[in-house]
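For reference, the structure is listed below as structure tokens.
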Amino acid sequence: MKNILIIGSVGQIGSELTLELRKNYGSNNVVAGYRSTLPKGELLESGPSERVDATDIQQIADVVKKYRIDTIFNLAAILSAVGESKPLTAWNIGIGGLMNCLEVAREHGCAVFTPSSIGAFGGGTPLDNTPQDTIQRPQTMYGVSKVSGELLSDYYHKRFGVDTRSVRYPGIISNVTLPGGGTTDYAVEIYYEAIKNKKFTCPLKAGTFLDMMYMPDAIRAAIDLMEADPARLKHRNSFNITAMSFDPEIIYAEIKKHIPDFTMTYQVEPVKQAIADSWPNKMDDSCARREWGWKPEWDLPAMTSDMLKVIGEKYAKGLI
Ligand code: SER
């Protein structure tokens, strides 16, 4: 990776991945692509930005040519709960955007990283120790687009030799940019509410286990996979990766260790609950460990201490 384009650089993952890539590969070699919201602060000041709408193939091609891009991180996506009410937008961005990246990559010799998700499972998938290779018949628009994306990415690799790689991310917990409209977002919101209001209304039932990961691990996974020796990769699109699995009661109890008067009640949101019930409780990520050395560094206690510290500081400064 020498010259890198991030599509979706102002999103939850993009805003942190772009800065990390700039640290590792040189600020001027990492272009922050955005659709409508201009990058701000460090993201804007630390390197080049360009308007790149994933659904506009010409915009992608122009930026790839201008900066001689060799690697595209294609992060533009509509998350699972929003996708249920906007299926066409979810498809156009998820699959239209990916097709555009793959075509530009085919022509200009770029590698492409596209996140898949736990959402690529459902409808008959074994939910405990979900294997790398198993049934994928999801019943959400988000999942349908993720499975299609995995297939398209493998197709472009086999048919045209495009260097496509991908991980199935679990819910990602972070404290820089809020996610929006995801089923796992409760595990981000709970930290903000614990700091701000000391109470949280949970949209998922007790006992709903889902895979989760702290952002530093998610970013390291993307970079390590793109740097991995291709000779070792038997799989490409996509690798199961996970760092922890918990239900609302477990994360609540962990936060309560730090904030004893924190309280949580439940108000189940049926769309999110149905999605969560169809997703793995815990994935088996041994394949990623074997093929490119994946290993998470953050567990629930360490992540909780760090989240509460960072969000607490922001709150004290009046930033949230
Ligand atoms: N965080 C995503 C969602 O909930 C899952 O990949 O939509």
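Note on naming: chains are A, B, ... as they come in the structure tokens, residues start from 1 per chain, ligands start from 1 in the order shown.
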### Task
From a DSSP calculation on the backbone, collect every residue of stretch 73-216 of chain A in strand (DSSP E or B) and output the set as a list in words.
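Everything in stretch 73-216 of chain A that counts as strand (DSSP E or B) is Phe73, Asn74, Ala111, Val112, Phe113, Ser116, Ser117, Asp128, Asn129, Thr130, Thr164, Arg165, Val167, Arg168, Tyr169, Gly171, Ile172, Ile173, Lys199, Phe200, Thr201, Cys202, Leu210, Asp211, Met212, Met213 and Tyr214 of chain A.
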### Message
Excluding A:Thr130 and its own-chain neighbours fewer than 4 positions away, which residues fall within 12 Å of it when counting only C-alpha atoms? Please give them as a list in words.
### Response
Ile118, Ala120, Phe121, Gly122, Gly124, Thr125, Pro126, Thr134, Ile135, Gln136, Arg168, Leu210, Asp211, Phe239, Asn240, Ile241, Thr242, Ser278, Trp279, Pro280, Asn281, Lys282, Met283, Asp284, Asp285, Ser286 and Cys287 of chain A
Within 12 Å of A:Phe209, counting only C-alpha atoms, which residues show up once you throw out same-chain ones fewer than 3 positions away? Write them as a PDB file with C-alpha atoms, in the first residue's frame, please.
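Now in part-v1.pdb:
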ATOM      1  CA  LEU A 127     -25.302 -19.152  15.646  1.00  0.00           C
ATOM      2  CA  ASP A 128     -22.768 -20.554  18.121  1.00  0.00           C
ATOM      3  CA  PRO A 170     -18.865  -7.689  14.451  1.00  0.00           C
ATOM      4  CA  GLY A 171     -20.485  -4.673  16.130  1.00  0.00           C
ATOM      5  CA  THR A 183     -28.361  -3.103  15.365  1.00  0.00           C
ATOM      6  CA  THR A 184     -25.197  -3.273  17.455  1.00  0.00           C
ATOM      7  CA  ALA A 187     -23.273  -1.090  22.714  1.00  0.00           C
ATOM      8  CA  LEU A 204     -32.454  -5.427  22.606  1.00  0.00           C
ATOM      9  CA  LYS A 205     -33.623  -8.073  25.101  1.00  0.00           C
ATOM     10  CA  ALA A 206     -31.461  -9.471  27.884  1.00  0.00           C
ATOM     11  CA  MET A 212     -18.367  -7.070  19.305  1.00  0.00           C
ATOM     12  CA  MET A 244     -15.741 -10.499  22.465  1.00  0.00           C
ATOM     13  CA  SER A 245     -19.344 -11.647  22.761  1.00  0.00           C
ATOM     14  CA  PHE A 246     -21.803 -10.239  25.307  1.00  0.00           C
ATOM     15  CA  ASP A 247     -25.475  -9.507  25.906  1.00  0.00           C
ATOM     16  CA  PRO A 248     -26.938  -6.261  27.326  1.00  0.00           C
ATOM     17  CA  GLU A 249     -26.763  -7.563  30.921  1.00  0.00           C
ATOM     18  CA  ILE A 250     -23.047  -8.274  30.687  1.00  0.00           C
ATOM     19  CA  ILE A 251     -22.042  -4.874  29.285  1.00  0.00           C
ATOM     20  CA  GLN A 273     -34.429  -7.512  17.902  1.00  0.00           C
ATOM     21  CA  ILE A 275     -32.117  -8.700  13.153  1.00  0.00           C
ATOM     22  CA  ALA A 276     -30.050  -9.451  16.265  1.00  0.00           C
ATOM     23  CA  ASP A 277     -31.797 -12.802  16.769  1.00  0.00           C
ATOM     24  CA  SER A 278     -30.771 -13.870  13.258  1.00  0.00           C
ATOM     25  CA  TRP A 279     -27.079 -12.968  13.759  1.00  0.00           C
ATOM     26  CA  PRO A 280     -24.353 -15.126  15.344  1.00  0.00           C
ATOM     27  CA  ASN A 281     -23.936 -15.209  19.107  1.00  0.00           C
ATOM     28  CA  LYS A 282     -20.239 -15.841  18.612  1.00  0.00           C
ATOM     29  CA  MET A 283     -18.250 -16.437  15.435  1.00  0.00           C
TER      30      MET A 283
END
#### Entry: DSSP helix (DSSP H, G or I) residues within stretch 102-319 of chain A, listed as a ChimeraX atom specification
/A:102-108,118-120,141-160,186-196,215-227,230-232,248-258,270-278,286-292,300-316
### Message
Any residue with an atom at most 8 Å from ligand 1 counts, using only C-alpha atoms and all ligand atoms. Which are they? Put them as a PyMOL selection string.
### Response
chain A and resi 78-81+116-119+142+168-172+179+181-185
Keeping N, CA and C atoms for every residue in the selection just given, could you write it to a file as a compact mmCIF listing (two decimals), in the first residue's frame?
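The result, written out as result_25.txt:
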# COMPACT_ATOMS: atom_id res chain seq x y z
N ILE A 78 -24.84 1.57 4.28
CA ILE A 78 -26.01 1.89 5.10
C ILE A 78 -26.13 0.76 6.11
N LEU A 79 -26.23 1.07 7.39
CA LEU A 79 -26.25 0.01 8.41
C LEU A 79 -27.60 -0.72 8.46
N SER A 80 -27.62 -1.79 9.26
CA SER A 80 -28.69 -2.79 9.14
C SER A 80 -30.11 -2.27 9.40
N ALA A 81 -30.33 -1.52 10.48
CA ALA A 81 -31.71 -1.12 10.80
C ALA A 81 -32.21 -0.09 9.78
N SER A 116 -17.31 -6.73 5.27
CA SER A 116 -18.56 -7.48 5.37
C SER A 116 -18.93 -7.43 6.85
N SER A 117 -19.80 -8.32 7.30
CA SER A 117 -20.37 -8.14 8.64
C SER A 117 -20.95 -9.45 9.16
N ILE A 118 -21.17 -9.47 10.49
CA ILE A 118 -21.98 -10.55 11.08
C ILE A 118 -23.35 -10.60 10.40
N GLY A 119 -23.75 -9.47 9.80
CA GLY A 119 -25.03 -9.40 9.10
C GLY A 119 -25.08 -10.27 7.86
N TYR A 142 -29.42 -5.42 4.48
CA TYR A 142 -28.01 -5.25 4.82
C TYR A 142 -27.26 -6.56 4.56
N ARG A 168 -15.48 -9.98 8.07
CA ARG A 168 -16.86 -9.87 8.58
C ARG A 168 -16.75 -9.23 9.96
N TYR A 169 -16.97 -7.91 10.00
CA TYR A 169 -16.87 -7.21 11.28
C TYR A 169 -18.04 -7.56 12.18
N PRO A 170 -17.77 -7.65 13.48
CA PRO A 170 -18.87 -7.69 14.45
C PRO A 170 -19.31 -6.25 14.73
N GLY A 171 -20.15 -6.03 15.73
CA GLY A 171 -20.48 -4.67 16.13
C GLY A 171 -19.22 -3.94 16.55
N ILE A 172 -19.04 -2.73 16.06
CA ILE A 172 -17.80 -2.00 16.38
C ILE A 172 -18.11 -0.87 17.35
N PRO A 179 -21.80 5.63 15.23
CA PRO A 179 -22.38 4.88 14.12
C PRO A 179 -23.82 5.39 13.93
N GLY A 181 -27.79 3.89 12.90
CA GLY A 181 -28.78 2.96 12.34
C GLY A 181 -28.38 1.51 12.33
N GLY A 182 -27.41 1.13 13.16
CA GLY A 182 -27.02 -0.28 13.23
C GLY A 182 -27.71 -0.98 14.38
N THR A 183 -27.74 -2.30 14.31
CA THR A 183 -28.36 -3.10 15.36
C THR A 183 -27.45 -3.20 16.59
N THR A 184 -26.15 -3.15 16.35
CA THR A 184 -25.20 -3.27 17.46
C THR A 184 -24.88 -1.92 18.09
N ASP A 185 -25.46 -0.84 17.58
CA ASP A 185 -25.11 0.50 18.07
C ASP A 185 -25.44 0.71 19.54
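Closest to A:Ala221 among A:Gly41, A:Gly293, A:Gly83, A:Gly312 is A:Gly293, based on only C-alpha atoms.
Considering only C-alpha atoms, the residue among A:Lys198, A:Lys23, A:Arg165, A:Lys86 positioned nearest to A:Gly149 is A:Arg165.
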### Task
Could you tell me how far atom CA of A:Gln59 lies from atom CA of A:Val147, in Å and to one decimal?
25.6 Å
### Query
Counting only C-alpha atoms, what is within 10 Å of stretch 95-97 of chain A, bar same-chain residues fewer than 5 positions away, as a ChimeraX atom specification?
/A:7,53-57,60,74-77,89-90,102,144-146,148-149,152
### Message
Using only C-alpha atoms, which protein or nucleic acid residues come within 9 Å of A:Met303? Drop anything in the same chain fewer than 4 positions from it, and give the result as number ranges by chain.
### Response
A: 173, 213-214, 298-299, 307-308
### Summary
re atom CA of A:Val82 and atom CA of A:Gly180: distance 8.2 Å
